[in-house]
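With mmCIF, C-alpha atoms inside, this is model_32.cif:
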```
data_coords
#
loop_
_atom_site.label_atom_id
_atom_site.label_comp_id
_atom_site.auth_asym_id
_atom_site.auth_seq_id
_atom_site.Cartn_x
_atom_site.Cartn_y
_atom_site.Cartn_z
CA MET W 436 36.79 -41.50 20.22
CA MET W 437 34.15 -38.84 20.85
CA GLY W 438 34.67 -36.71 23.94
CA SER W 439 32.09 -34.86 26.03
CA ILE W 440 31.20 -31.48 27.49
CA GLU W 441 29.92 -31.44 31.06
CA GLY W 442 26.21 -30.65 31.25
CA LEU W 443 25.66 -31.17 27.52
CA GLU W 444 25.07 -34.03 25.12
CA ARG W 445 24.81 -34.52 21.40
CA PHE W 446 21.47 -35.90 20.17
CA ASP W 447 19.25 -36.27 17.11
CA SER W 448 16.99 -33.21 17.04
CA PRO W 449 13.59 -33.94 15.41
CA GLY W 450 13.42 -32.28 12.00
CA LYS W 451 16.87 -30.72 12.36
CA GLY W 452 19.38 -33.58 12.43
CA ARG W 453 22.23 -33.43 14.89
CA GLY W 454 21.90 -31.07 17.81
CA LEU W 455 23.00 -30.24 21.35
CA ARG W 456 20.92 -30.34 24.53
CA VAL W 457 21.53 -29.71 28.22
CA THR W 458 21.61 -32.46 30.82
CA ARG W 459 21.39 -30.12 33.83
CA PRO W 460 19.74 -26.76 34.58
CA PHE W 461 21.37 -23.55 33.38
CA LYS W 462 20.39 -20.02 34.45
CA VAL W 463 20.36 -16.85 32.35
CA GLY W 464 23.91 -15.60 31.90
CA GLU W 465 25.49 -18.92 32.86
CA LEU W 466 28.29 -20.30 30.71
CA LEU W 467 27.36 -23.58 29.02
CA PHE W 468 30.80 -24.10 27.54
CA SER W 469 33.80 -22.35 26.03
CA SER W 470 35.57 -23.52 22.89
CA PRO W 471 38.91 -22.54 21.42
CA ALA W 472 38.87 -21.98 17.68
CA TYR W 473 39.89 -24.87 15.47
CA SER W 474 41.32 -22.21 13.15
CA PHE W 475 40.96 -18.43 13.03
CA VAL W 476 42.17 -15.45 11.06
CA LEU W 477 42.30 -11.74 11.85
CA SER W 478 40.73 -9.49 9.22
CA LEU W 479 43.29 -7.55 7.19
CA SER W 480 41.50 -4.29 8.04
CA GLU W 481 42.24 -4.89 11.75
CA ARG W 482 45.96 -5.49 11.36
CA GLY W 483 47.95 -3.14 13.54
CA CYS W 484 45.05 -2.77 15.99
CA TYR W 485 44.86 -6.35 17.29
CA CYS W 486 47.37 -9.08 17.98
CA GLU W 487 47.20 -11.67 15.19
CA PHE W 488 47.41 -14.53 17.69
CA CYS W 489 45.33 -13.61 20.76
CA PHE W 490 43.20 -10.78 19.28
CA THR W 491 44.14 -8.42 22.11
CA ARG W 492 43.68 -4.76 21.23
CA LYS W 493 46.53 -2.62 22.51
CA GLU W 494 49.01 0.11 21.63
CA GLY W 495 52.60 -0.68 20.79
CA LEU W 496 52.14 -4.05 19.10
CA ALA W 497 55.34 -5.61 17.73
CA ARG W 498 55.58 -5.93 13.96
CA CYS W 499 56.70 -9.11 12.19
CA GLY W 500 60.31 -8.43 11.19
CA LYS W 501 60.00 -10.18 7.81
CA CYS W 502 56.70 -9.16 6.22
CA LYS W 503 56.14 -5.99 8.30
CA LYS W 504 52.39 -6.66 8.03
CA ALA W 505 51.46 -8.78 11.06
CA PHE W 506 51.47 -7.47 14.65
CA TYR W 507 51.78 -9.23 18.00
CA CYS W 508 51.70 -8.57 21.74
CA GLY W 509 55.26 -9.88 21.93
CA VAL W 510 57.53 -12.83 21.25
CA LYS W 511 55.21 -15.39 22.90
CA CYS W 512 52.26 -14.56 20.63
CA GLN W 513 54.48 -14.31 17.56
CA LYS W 514 55.93 -17.77 18.20
CA GLY W 515 52.45 -19.14 18.91
CA ASP W 516 51.19 -17.87 15.56
CA TRP W 517 54.19 -18.78 13.42
CA ALA W 518 52.82 -22.14 12.23
CA MET W 519 49.93 -20.23 10.63
CA HIS W 520 51.57 -16.92 9.83
CA LYS W 521 54.31 -18.60 7.81
CA LEU W 522 51.60 -19.55 5.30
CA GLU W 523 51.31 -15.85 4.49
CA CYS W 524 54.54 -14.17 5.55
CA SER W 525 56.82 -14.85 2.58
CA ALA W 526 53.91 -14.68 0.11
CA MET W 527 52.99 -11.18 1.28
CA THR W 528 56.57 -10.11 0.75
CA ALA W 529 56.78 -11.77 -2.68
CA PHE W 530 53.42 -10.57 -4.03
CA GLY W 531 53.51 -7.12 -2.42
CA GLU W 532 50.39 -5.11 -3.27
CA ASN W 533 49.14 -8.02 -5.42
CA TRP W 534 48.67 -10.26 -2.36
CA CYS W 535 44.87 -10.31 -2.07
CA PRO W 536 43.35 -13.64 -0.96
CA SER W 537 39.84 -13.49 0.50
CA GLU W 538 39.37 -13.91 4.25
CA THR W 539 37.72 -17.26 3.52
CA SER W 540 40.74 -18.47 1.53
CA ARG W 541 43.04 -17.42 4.35
CA LEU W 542 40.93 -19.34 6.87
CA VAL W 543 40.74 -22.44 4.67
CA ALA W 544 44.52 -22.38 4.30
CA ARG W 545 44.88 -22.41 8.07
CA ILE W 546 42.36 -25.25 8.43
CA LEU W 547 44.34 -27.33 5.94
CA ALA W 548 47.58 -26.60 7.79
CA LYS W 549 45.95 -27.49 11.13
CA LYS W 550 44.63 -30.78 9.72
CA LYS W 551 48.13 -31.73 8.63
CA MET W 552 49.66 -30.89 12.02
CA GLN W 553 46.82 -32.11 14.25
CA LYS W 554 46.43 -35.87 13.98
CA GLU W 555 44.19 -36.33 17.02
CA ARG W 556 40.92 -34.76 18.16
CA CYS W 557 41.60 -31.26 19.47
CA ALA W 558 39.94 -29.17 22.19
CA SER W 559 37.46 -27.59 19.75
CA GLU W 560 36.27 -31.04 18.60
CA ARG W 561 35.09 -32.61 21.84
CA ILE W 562 31.76 -33.70 20.37
CA LEU W 563 32.04 -32.93 16.64
CA LEU W 564 35.02 -33.37 14.34
CA ILE W 565 35.88 -30.72 11.77
CA GLU W 566 35.21 -33.28 9.02
CA GLU W 567 31.69 -33.85 10.33
CA ILE W 568 30.36 -30.30 10.02
CA GLN W 569 27.63 -29.82 7.41
CA SER W 570 28.68 -28.59 3.97
CA HIS W 571 25.51 -28.31 1.80
CA VAL W 572 27.87 -28.43 -1.18
CA GLU W 573 25.10 -30.06 -3.22
CA ASP W 574 22.79 -27.09 -2.55
CA VAL W 575 25.16 -24.32 -3.65
CA ASP W 576 23.80 -22.26 -6.56
CA ASN W 577 25.82 -21.09 -9.57
CA GLU W 578 26.55 -17.63 -8.13
CA LYS W 579 27.98 -19.04 -4.89
CA ARG W 580 29.82 -21.73 -6.84
CA GLU W 581 31.56 -19.04 -8.92
CA MET W 582 32.60 -17.22 -5.75
CA THR W 583 33.95 -20.45 -4.30
CA GLU W 584 35.88 -21.16 -7.50
CA SER W 585 37.44 -17.70 -7.22
CA ASP W 586 38.41 -18.40 -3.61
CA ILE W 587 39.94 -21.74 -4.62
CA ALA W 588 41.95 -20.00 -7.34
CA GLY W 589 43.21 -17.56 -4.71
CA LEU W 590 44.14 -20.45 -2.44
CA HIS W 591 46.23 -22.02 -5.20
CA ARG W 592 47.85 -18.72 -6.17
CA PHE W 593 48.82 -17.49 -2.73
CA PHE W 594 49.22 -20.61 -0.58
CA SER W 595 50.28 -23.56 -2.73
CA LYS W 596 53.99 -22.99 -1.98
CA HIS W 597 53.51 -23.87 1.70
CA LEU W 598 50.48 -26.17 1.49
CA GLU W 599 49.71 -29.52 -0.05
CA LEU W 600 46.22 -28.84 -1.38
CA PRO W 601 43.57 -31.58 -1.66
CA ASP W 602 41.72 -32.28 -4.90
CA HIS W 603 39.12 -29.86 -6.26
CA LYS W 604 36.11 -31.80 -4.97
CA ASP W 605 37.44 -31.83 -1.41
CA LEU W 606 38.20 -28.10 -1.62
CA LEU W 607 34.63 -27.38 -2.75
CA THR W 608 33.35 -29.30 0.27
CA LEU W 609 35.69 -27.53 2.69
CA PHE W 610 34.82 -24.06 1.40
CA SER W 611 31.12 -24.93 1.67
CA GLN W 612 31.64 -26.13 5.24
CA VAL W 613 33.29 -22.83 6.14
CA ALA W 614 30.53 -20.83 4.40
CA CYS W 615 27.84 -22.58 6.47
CA ASN W 616 29.72 -22.92 9.76
CA GLY W 617 32.20 -20.06 9.96
CA PHE W 618 31.74 -17.61 12.84
CA THR W 619 32.46 -13.90 12.75
CA ILE W 620 34.54 -12.93 15.77
CA GLU W 621 33.17 -9.61 17.04
CA ASP W 622 34.10 -7.06 19.67
CA ASP W 623 31.67 -5.75 22.30
CA GLU W 624 30.19 -3.31 19.75
CA LEU W 625 29.66 -6.21 17.30
CA SER W 626 32.34 -4.94 14.91
CA HIS W 627 33.96 -7.59 12.74
CA MET W 628 37.43 -8.63 13.91
CA GLY W 629 38.00 -11.91 12.14
CA THR W 630 36.59 -15.30 11.19
CA ALA W 631 36.92 -18.71 12.84
CA VAL W 632 35.53 -22.23 12.90
CA TYR W 633 34.37 -23.94 16.10
CA PRO W 634 33.19 -27.50 15.32
CA ASP W 635 31.48 -28.04 18.69
CA VAL W 636 29.64 -24.71 18.49
CA ALA W 637 28.64 -25.49 14.88
CA LEU W 638 26.63 -28.41 16.24
CA ILE W 639 24.10 -25.96 17.74
CA ASN W 640 20.92 -25.57 15.69
CA HIS W 641 19.12 -22.34 14.83
CA SER W 642 15.99 -20.79 16.30
CA CYS W 643 14.51 -17.30 16.05
CA LEU W 644 13.81 -17.79 19.78
CA PRO W 645 17.35 -18.70 20.86
CA SER W 646 18.23 -20.10 24.25
CA VAL W 647 21.91 -19.10 24.05
CA ILE W 648 24.20 -16.53 22.47
CA VAL W 649 27.85 -16.77 21.42
CA THR W 650 30.32 -14.16 22.63
CA TYR W 651 34.08 -14.05 22.21
CA LYS W 652 37.02 -13.88 24.59
CA GLY W 653 40.06 -13.44 22.41
CA THR W 654 39.70 -16.14 19.78
CA SER W 655 37.65 -18.45 22.02
CA ALA W 656 33.86 -18.70 21.72
CA GLU W 657 31.72 -18.66 24.85
CA VAL W 658 28.18 -20.05 24.76
CA ARG W 659 25.91 -18.48 27.40
CA ALA W 660 22.27 -18.97 28.30
CA VAL W 661 19.77 -16.18 27.58
CA LYS W 662 16.94 -18.29 29.00
CA ASN W 663 16.66 -20.51 32.04
CA MET W 664 17.17 -24.02 30.71
CA ASN W 665 16.09 -27.39 32.09
CA PRO W 666 17.51 -30.88 31.42
CA GLY W 667 16.49 -32.03 27.94
CA ASP W 668 16.15 -28.51 26.50
CA GLU W 669 17.85 -28.06 23.14
CA VAL W 670 20.64 -25.51 22.90
CA LEU W 671 19.63 -23.05 20.16
CA ILE W 672 21.35 -19.99 18.71
CA SER W 673 20.33 -17.56 16.00
CA TYR W 674 22.26 -17.79 12.74
CA ILE W 675 20.92 -14.44 11.55
CA ASP W 676 19.93 -10.95 12.66
CA LEU W 677 16.57 -11.34 14.41
CA LEU W 678 15.41 -7.75 13.90
CA TYR W 679 13.63 -8.50 10.65
CA PRO W 680 10.15 -9.99 10.00
CA THR W 681 9.53 -13.70 9.46
CA ASP W 682 9.65 -13.78 5.65
CA ASP W 683 12.91 -11.84 5.56
CA ARG W 684 14.51 -14.08 8.18
CA ASN W 685 13.55 -17.25 6.36
CA ASN W 686 14.64 -15.89 3.00
CA ARG W 687 18.07 -15.32 4.50
CA LEU W 688 18.14 -18.75 6.15
CA ARG W 689 17.25 -20.43 2.86
CA GLU W 690 19.83 -18.38 0.96
CA PHE W 691 22.78 -19.07 3.27
CA TYR W 692 21.85 -22.15 5.33
CA TYR W 693 19.40 -24.00 3.06
CA PHE W 694 16.49 -24.49 5.46
CA THR W 695 13.31 -22.80 6.67
CA CYS W 696 12.89 -22.16 10.39
CA GLN W 697 9.93 -23.87 12.06
CA CYS W 698 10.21 -22.21 15.48
CA GLN W 699 7.12 -20.91 17.24
CA GLU W 700 7.90 -17.31 16.27
CA CYS W 701 8.08 -18.25 12.58
CA LYS W 702 4.87 -20.25 12.78
CA THR W 703 2.85 -17.52 14.50
CA LYS W 704 4.61 -14.43 13.09
CA SER W 705 3.58 -12.83 16.36
CA SER W 706 6.14 -10.00 16.18
CA ASP W 707 5.68 -9.09 12.52
CA LYS W 708 2.97 -6.50 13.08
CA ALA W 709 5.18 -4.48 15.43
CA LYS W 710 8.20 -4.88 13.16
CA LEU W 711 6.27 -3.67 10.11
CA LYS W 712 4.40 -0.84 11.82
CA VAL W 713 3.01 1.79 9.45
CA ARG W 714 2.56 5.48 10.12
CA LYS W 715 -0.78 6.53 11.53
CA GLN W 716 -2.73 8.75 9.16
CA SER W 717 -6.28 10.07 8.99
CA ASP W 718 -6.85 7.96 5.87
CA PRO W 719 -5.55 4.38 6.28
CA ILE W 720 -2.69 3.51 3.95
CA GLU W 721 -3.72 1.00 1.29
CA GLN W 722 -2.17 -2.47 1.50
CA GLU W 723 -0.75 -2.18 -2.02
CA VAL W 724 1.15 0.96 -1.02
CA ILE W 725 2.55 -0.83 2.03
CA SER W 726 3.55 -3.87 -0.05
CA ASN W 727 5.28 -1.69 -2.63
CA MET W 728 7.21 0.12 0.10
CA VAL W 729 8.28 -3.20 1.66
CA ARG W 730 9.62 -4.30 -1.74
CA TYR W 731 11.43 -0.96 -2.08
CA ALA W 732 12.93 -1.33 1.40
CA ARG W 733 14.15 -4.87 0.73
CA LYS W 734 15.70 -3.84 -2.58
CA THR W 735 17.45 -0.88 -0.97
CA ILE W 736 18.84 -3.06 1.83
CA ARG W 737 20.30 -5.54 -0.67
CA GLU W 738 22.05 -2.88 -2.77
CA GLY W 739 25.83 -2.91 -2.65
CA PRO W 740 27.90 -0.47 -0.53
CA LEU W 741 28.61 2.99 -1.92
CA LYS W 742 31.08 5.69 -1.01
CA SER W 743 30.45 7.19 2.41
CA HIS W 744 28.80 10.43 1.35
CA GLU W 745 26.74 8.61 -1.30
CA LEU W 746 25.63 6.01 1.24
CA LEU W 747 24.55 8.67 3.73
CA GLU W 748 22.57 10.44 1.01
CA MET W 749 20.97 7.12 0.03
CA CYS W 750 20.03 6.40 3.65
CA GLU W 751 18.51 9.85 4.12
CA GLN W 752 16.61 9.63 0.85
CA SER W 753 15.31 6.16 1.73
CA LEU W 754 14.26 7.34 5.18
CA ASP W 755 12.31 10.20 3.61
CA GLU W 756 10.55 7.91 1.12
CA MET W 757 9.82 5.08 3.57
CA GLY W 758 8.87 7.52 6.30
CA ALA W 759 5.81 8.55 4.31
CA VAL W 760 4.44 5.04 4.90
CA PHE W 761 6.40 3.42 7.72
CA ASP W 762 6.52 4.38 11.39
CA ASP W 763 9.95 5.34 12.73
CA THR W 764 10.00 2.03 14.66
CA ASN W 765 9.51 -0.04 11.49
CA VAL W 766 12.51 -2.36 11.10
CA TYR W 767 13.29 -1.09 7.59
CA MET W 768 13.49 2.44 8.97
CA LEU W 769 15.70 1.18 11.81
CA HIS W 770 17.94 -0.59 9.31
CA MET W 771 18.52 2.63 7.38
CA MET W 772 19.10 4.59 10.58
CA TYR W 773 21.70 2.05 11.67
CA GLN W 774 23.45 2.31 8.29
CA ALA W 775 23.39 6.09 8.56
CA MET W 776 24.82 5.89 12.08
CA GLY W 777 27.67 3.74 10.81
CA VAL W 778 28.45 6.22 8.04
CA CYS W 779 28.47 9.09 10.54
CA LEU W 780 30.95 7.16 12.69
CA TYR W 781 33.15 6.53 9.64
CA MET W 782 33.01 10.21 8.74
CA GLN W 783 33.90 11.14 12.35
CA ASP W 784 30.57 12.82 13.00
CA PRO W 785 29.69 11.68 16.54
CA ASP W 786 26.75 14.07 16.85
CA GLY W 787 25.17 12.62 13.72
CA ALA W 788 25.82 9.09 14.99
CA ILE W 789 24.18 9.90 18.32
CA ARG W 790 21.18 11.45 16.57
CA TYR W 791 20.49 8.21 14.71
CA GLY W 792 21.46 5.97 17.62
CA GLU W 793 18.96 7.58 19.98
CA LYS W 794 16.18 6.90 17.47
CA ILE W 795 17.22 3.26 17.28
CA ILE W 796 17.83 2.21 20.88
CA LYS W 797 14.28 2.07 22.30
CA PRO W 798 12.73 0.20 19.34
CA TYR W 799 15.68 -2.23 19.45
CA SER W 800 14.89 -2.97 23.10
CA LYS W 801 11.34 -3.90 22.18
CA LEU W 802 11.90 -5.76 18.91
CA TYR W 803 14.95 -7.90 19.72
CA PRO W 804 14.69 -10.95 22.03
CA PRO W 805 15.68 -10.53 25.71
CA TYR W 806 19.40 -10.06 26.38
CA SER W 807 20.19 -9.40 22.74
CA LEU W 808 23.76 -8.32 22.12
CA ASN W 809 22.45 -5.95 19.44
CA VAL W 810 20.74 -3.96 22.20
CA SER W 811 23.57 -4.02 24.74
CA SER W 812 26.18 -3.13 22.12
CA MET W 813 24.09 -0.11 21.05
CA TYR W 814 23.98 1.15 24.66
CA LEU W 815 27.75 0.70 24.89
CA LYS W 816 28.32 2.48 21.59
CA LEU W 817 26.15 5.46 22.54
CA GLY W 818 27.67 5.63 26.00
CA ARG W 819 31.17 5.81 24.54
CA LEU W 820 30.14 8.45 22.02
CA TYR W 821 28.72 10.65 24.78
CA MET W 822 31.86 10.15 26.86
CA GLY W 823 34.01 11.14 23.88
CA LEU W 824 32.04 14.39 23.63
CA GLU W 825 32.51 14.91 27.39
CA ARG W 826 28.77 14.56 27.97
CA TYR W 827 29.52 12.38 30.95
CA SER W 828 26.14 12.32 32.68
CA VAL W 829 24.31 11.09 29.57
CA GLY W 830 27.10 8.65 28.83
CA LEU W 831 26.88 7.20 32.31
CA LEU W 832 23.13 6.70 31.90
CA HIS W 833 23.74 4.47 28.90
CA GLN W 834 26.54 2.59 30.62
CA THR W 835 24.34 2.20 33.71
CA PHE W 836 21.80 0.33 31.61
CA ILE W 837 24.34 -2.52 31.35
CA LEU W 838 25.14 -2.38 35.07
CA LYS W 839 21.48 -2.34 36.16
CA ASN W 840 20.65 -5.28 33.92
CA SER W 841 22.85 -7.88 35.61
CA SER W 842 22.35 -10.52 32.92
CA TYR W 843 23.54 -8.10 30.23
CA LYS W 844 26.58 -7.35 32.38
CA THR W 845 27.25 -11.07 32.77
CA LEU W 846 26.94 -11.72 29.05
CA LEU W 847 29.28 -8.87 28.10
CA THR W 848 31.97 -9.07 30.75
CA LYS W 849 32.50 -12.69 31.79
#
```

Could you write out this structure as structure tokens?
Amino acid sequence: MMGSIEGLERFDSPGKGRGLRVTRPFKVGELLFSSPAYSFVLSLSERGCYCEFCFTRKEGLARCGKCKKAFYCGVKCQKGDWAMHKLECSAMTAFGENWCPSETSRLVARILAKKKMQKERCASERILLIEEIQSHVEDVDNEKREMTESDIAGLHRFFSKHLELPDHKDLLTLFSQVACNGFTIEDDELSHMGTAVYPDVALINHSCLPSVIVTYKGTSAEVRAVKNMNPGDEVLISYIDLLYPTDDRNNRLREFYYFTCQCQECKTKSSDKAKLKVRKQSDPIEQEVISNMVRYARKTIREGPLKSHELLEMCEQSLDEMGAVFDDTNVYMLHMMYQAMGVCLYMQDPDGAIRYGEKIIKPYSKLYPPYSLNVSSMYLKLGRLYMGLERYSVGLLHQTFILKNSSYKTLLTK
């Protein structure tokens, strides 16, 4: 029997299929609902920094006595996670350095284990069952199908001892469901911590003009309003990074979610001119030159990751080439600056990171929608960098931005 969430109802959204709408007013910053994860998994790169069960970051985490790989706040968290950790514990010991399932395979294994243990509707399925989430398995292209087949092979290799696996067709569907509906759990600087599925949250449709955002408290997802909402308004989130122009956004939506957005922003492309701003010159830059540079920027963005020093050189080279045509506030320039900032952080160069971050922050504030976490997280990141360099007054200015903007504070701290 389907449950309910106070103030919300499931409905048929015109042109979108199933959706979620509010039945009472909500104000900016107000919590619409919170959902525990149906299943979740901590990224391997974060092991030792966060508790595997509650995702708390702390010093002195206790190590699993058997595999020596997983870490917990204490006995309570370790016992709470055992039903899932046992899927990996002995396998990690047996395979040693050869234990290498993908994060998606690890999550799917936990979903299968949860399905076997959980016979009734759980707290993350109040209005949508895990089986009901969209898969788009029929739309998957050959490249994605090959990746899924590799993940399925990993599932069989590393988890079959502790799991009764369904047939191949059902696994294809489940992996496709996770690909379309999995959520990246992020910290307050939007760094990847893990992956989870939230069936109720997956019911929310996309818009490039979202009415809500999703933040995380441990492994739970919190859905908060970024607009004042009235009864009957649809609850809408963004599935993608909204920095980029309309064509780029819809290319990404078609590639990963198999639809084209029809929101007002996509119909009017009202922000594209500002996002694709070109450098002012005495002689106007020809359209063909601009188009060629856009193609170059898109190709550069899609190139695979390189070693740190190579990536920084690539970013700087791309900034030089694009800077001859694009304004510094052009989103492709901002993308490269953000990549360069990340490399500087990785290379422990806070001054370099600050140099790029200061170029990014003001354009971000103008180009992202109101109350964007991309903006607030950048202020937090810069503030912490300044504090680390003992430049306290400048650091406080960036932190004060969050405090002065009460809705940002609400979205980040509640």

Show me, as a Markdown table, the residues of range 629-738 of chain W having an atom within 12 Å of range 768-776 of chain W, each with the closest atom pair and its distance in Å, using all atoms listed in the file.
```
| residue | atom | partner | partner_atom | distance |
| --- | --- | --- | --- | --- |
| W:Asp676 | CA | W:His770 | CA | 11.1 |
| W:Leu677 | CA | W:His770 | CA | 12.0 |
| W:Leu678 | CA | W:His770 | CA | 8.9 |
| W:Tyr679 | CA | W:His770 | CA | 9.1 |
| W:Lys710 | CA | W:Leu769 | CA | 9.7 |
| W:Leu711 | CA | W:Met768 | CA | 9.5 |
| W:Lys712 | CA | W:Met768 | CA | 10.1 |
| W:Val713 | CA | W:Met768 | CA | 10.5 |
| W:Arg714 | CA | W:Met768 | CA | 11.4 |
| W:Met728 | CA | W:Met768 | CA | 11.1 |
| W:Val729 | CA | W:Met768 | CA | 10.6 |
| W:Tyr731 | CA | W:Met768 | CA | 11.7 |
| W:Ala732 | CA | W:Met768 | CA | 8.5 |
| W:Arg733 | CA | W:His770 | CA | 10.3 |
| W:Thr735 | CA | W:Met771 | CA | 9.1 |
| W:Ile736 | CA | W:His770 | CA | 7.9 |
| W:Arg737 | CA | W:His770 | CA | 11.4 |
```

Selection file, C-alpha atoms, as a PDB file, keeping the file's coordinate frame:
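Final output, saved to part-v5.pdb:
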```
ATOM      1  CA  ASP W 676      19.930 -10.950  12.660  1.00  0.00           C
ATOM      2  CA  LEU W 677      16.570 -11.340  14.410  1.00  0.00           C
ATOM      3  CA  LEU W 678      15.410  -7.750  13.900  1.00  0.00           C
ATOM      4  CA  TYR W 679      13.630  -8.500  10.650  1.00  0.00           C
ATOM      5  CA  LYS W 710       8.200  -4.880  13.160  1.00  0.00           C
ATOM      6  CA  LEU W 711       6.270  -3.670  10.110  1.00  0.00           C
ATOM      7  CA  LYS W 712       4.400  -0.840  11.820  1.00  0.00           C
ATOM      8  CA  VAL W 713       3.010   1.790   9.450  1.00  0.00           C
ATOM      9  CA  ARG W 714       2.560   5.480  10.120  1.00  0.00           C
ATOM     10  CA  MET W 728       7.210   0.120   0.100  1.00  0.00           C
ATOM     11  CA  VAL W 729       8.280  -3.200   1.660  1.00  0.00           C
ATOM     12  CA  TYR W 731      11.430  -0.960  -2.080  1.00  0.00           C
ATOM     13  CA  ALA W 732      12.930  -1.330   1.400  1.00  0.00           C
ATOM     14  CA  ARG W 733      14.150  -4.870   0.730  1.00  0.00           C
ATOM     15  CA  THR W 735      17.450  -0.880  -0.970  1.00  0.00           C
ATOM     16  CA  ILE W 736      18.840  -3.060   1.830  1.00  0.00           C
ATOM     17  CA  ARG W 737      20.300  -5.540  -0.670  1.00  0.00           C
TER      18      ARG W 737
END
```

Margin query: Need to verify the contact set: Lys504 in chain W, 8 Å, all atoms listed in the file, exclusion of same-chain residues closer than 3 positions in sequence. Can you return it as an NGL selection string?
Written below: :W and (482-483 or 498-499)

On this structure, which residues satisfy the PyMOL selection byres ((chain W and resi 629-639) around 9), written as a tab-separated table (two decimals) with C-alpha atoms, in the coordinates of the input?
```tsv
chain	number	residue	atom	x	y	z
W	445	ARG	CA	24.81	-34.52	21.40
W	453	ARG	CA	22.23	-33.43	14.89
W	454	GLY	CA	21.90	-31.07	17.81
W	455	LEU	CA	23.00	-30.24	21.35
W	456	ARG	CA	20.92	-30.34	24.53
W	469	SER	CA	33.80	-22.35	26.03
W	470	SER	CA	35.57	-23.52	22.89
W	471	PRO	CA	38.91	-22.54	21.42
W	472	ALA	CA	38.87	-21.98	17.68
W	473	TYR	CA	39.89	-24.87	15.47
W	474	SER	CA	41.32	-22.21	13.15
W	475	PHE	CA	40.96	-18.43	13.03
W	476	VAL	CA	42.17	-15.45	11.06
W	477	LEU	CA	42.30	-11.74	11.85
W	478	SER	CA	40.73	-9.49	9.22
W	479	LEU	CA	43.29	-7.55	7.19
W	481	GLU	CA	42.24	-4.89	11.75
W	490	PHE	CA	43.20	-10.78	19.28
W	538	GLU	CA	39.37	-13.91	4.25
W	539	THR	CA	37.72	-17.26	3.52
W	542	LEU	CA	40.93	-19.34	6.87
W	546	ILE	CA	42.36	-25.25	8.43
W	559	SER	CA	37.46	-27.59	19.75
W	560	GLU	CA	36.27	-31.04	18.60
W	561	ARG	CA	35.09	-32.61	21.84
W	562	ILE	CA	31.76	-33.70	20.37
W	563	LEU	CA	32.04	-32.93	16.64
W	564	LEU	CA	35.02	-33.37	14.34
W	565	ILE	CA	35.88	-30.72	11.77
W	566	GLU	CA	35.21	-33.28	9.02
W	567	GLU	CA	31.69	-33.85	10.33
W	568	ILE	CA	30.36	-30.30	10.02
W	569	GLN	CA	27.63	-29.82	7.41
W	613	VAL	CA	33.29	-22.83	6.14
W	615	CYS	CA	27.84	-22.58	6.47
W	616	ASN	CA	29.72	-22.92	9.76
W	617	GLY	CA	32.20	-20.06	9.96
W	618	PHE	CA	31.74	-17.61	12.84
W	619	THR	CA	32.46	-13.90	12.75
W	620	ILE	CA	34.54	-12.93	15.77
W	621	GLU	CA	33.17	-9.61	17.04
W	627	HIS	CA	33.96	-7.59	12.74
W	628	MET	CA	37.43	-8.63	13.91
W	640	ASN	CA	20.92	-25.57	15.69
W	641	HIS	CA	19.12	-22.34	14.83
W	649	VAL	CA	27.85	-16.77	21.42
W	654	THR	CA	39.70	-16.14	19.78
W	655	SER	CA	37.65	-18.45	22.02
W	656	ALA	CA	33.86	-18.70	21.72
W	658	VAL	CA	28.18	-20.05	24.76
W	669	GLU	CA	17.85	-28.06	23.14
W	670	VAL	CA	20.64	-25.51	22.90
W	671	LEU	CA	19.63	-23.05	20.16
W	672	ILE	CA	21.35	-19.99	18.71
```

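Counting only C-alpha atoms and comparing W:Ser642, W:Gln716, W:Ser585, W:Ser480, the residue that lies closest to Gln699 in chain W is W:Ser642.
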
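Near Val661 in chain W, within 9 Å and counting all atoms listed in the file, sit W:Lys462, W:Val463, W:Gly464, W:Glu465, W:Pro645, W:Ser646, W:Val647, W:Ile648, W:Met664, W:Pro805, W:Tyr806, W:Ser807, W:Ser842, W:Leu846; same-chain residues fewer than 3 positions away were not included.
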
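Taking CA of Asp586 in chain W as the reference point, CA of Leu598 in chain W is found at 15.2 Å.
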
Next item on the list: Measure the distance from CA of Glu599 in chain W to CA of Lys551 in chain W in Å and round it to one decimal.
Entry: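 We find that CA of Glu599 in chain W and CA of Lys551 in chain W lie 9.1 Å from each other.
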
Notebook entry, point to check: Any idea what's packed within 8 Å of range 604-608 of chain W, counting all atoms listed in the file, ignoring anything in its chain fewer than 5 positions away? Could you give it as a list of chain:residue names?
Noted result: W:Ser570, W:Val572, W:Thr583, W:Glu584, W:Ile587

Next item on the list: Name the residues that the PyMOL selection byres ((chain W and resi 506-515) around 12) pulls out of this structure, and write them as a PyMOL selection string.
Entry: chain W and resi 477+479+481-505+516-521+524

Margin query: Residue by residue, what does the PyMOL selection byres ((chain W and resi 701-703) around 9) grab here? Present the result as a PyMOL selection string.
Written below: chain W and resi 643+680-682+684-685+696-700+704-706

Next item on the list: Using only C-alpha atoms, determine which residues lie at most 8 Å from Leu443 in chain W, disregarding the query and same-chain residues fewer than 4 positions distant; provide the list as a count of residues only.
Entry: 7

Notebook entry, point to check: In Å to one decimal, how far is CA of Lys801 in chain W from CA of Phe761 in chain W?
Noted result: 16.9 Å

Item checked: Counting all atoms listed in the file, the option among W:Met582, W:Ala759, W:Leu625, W:Leu688 closest to Met813 in chain W ->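 Smallest separation from Met813 in chain W among the options: W:Leu625.
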
Next item on the list: Find, counting all atoms listed in the file, the residue in W:Ala614, W:Val760, W:Cys535, W:Met782 that gets nearest to His571 in chain W.
Entry: W:Ala614
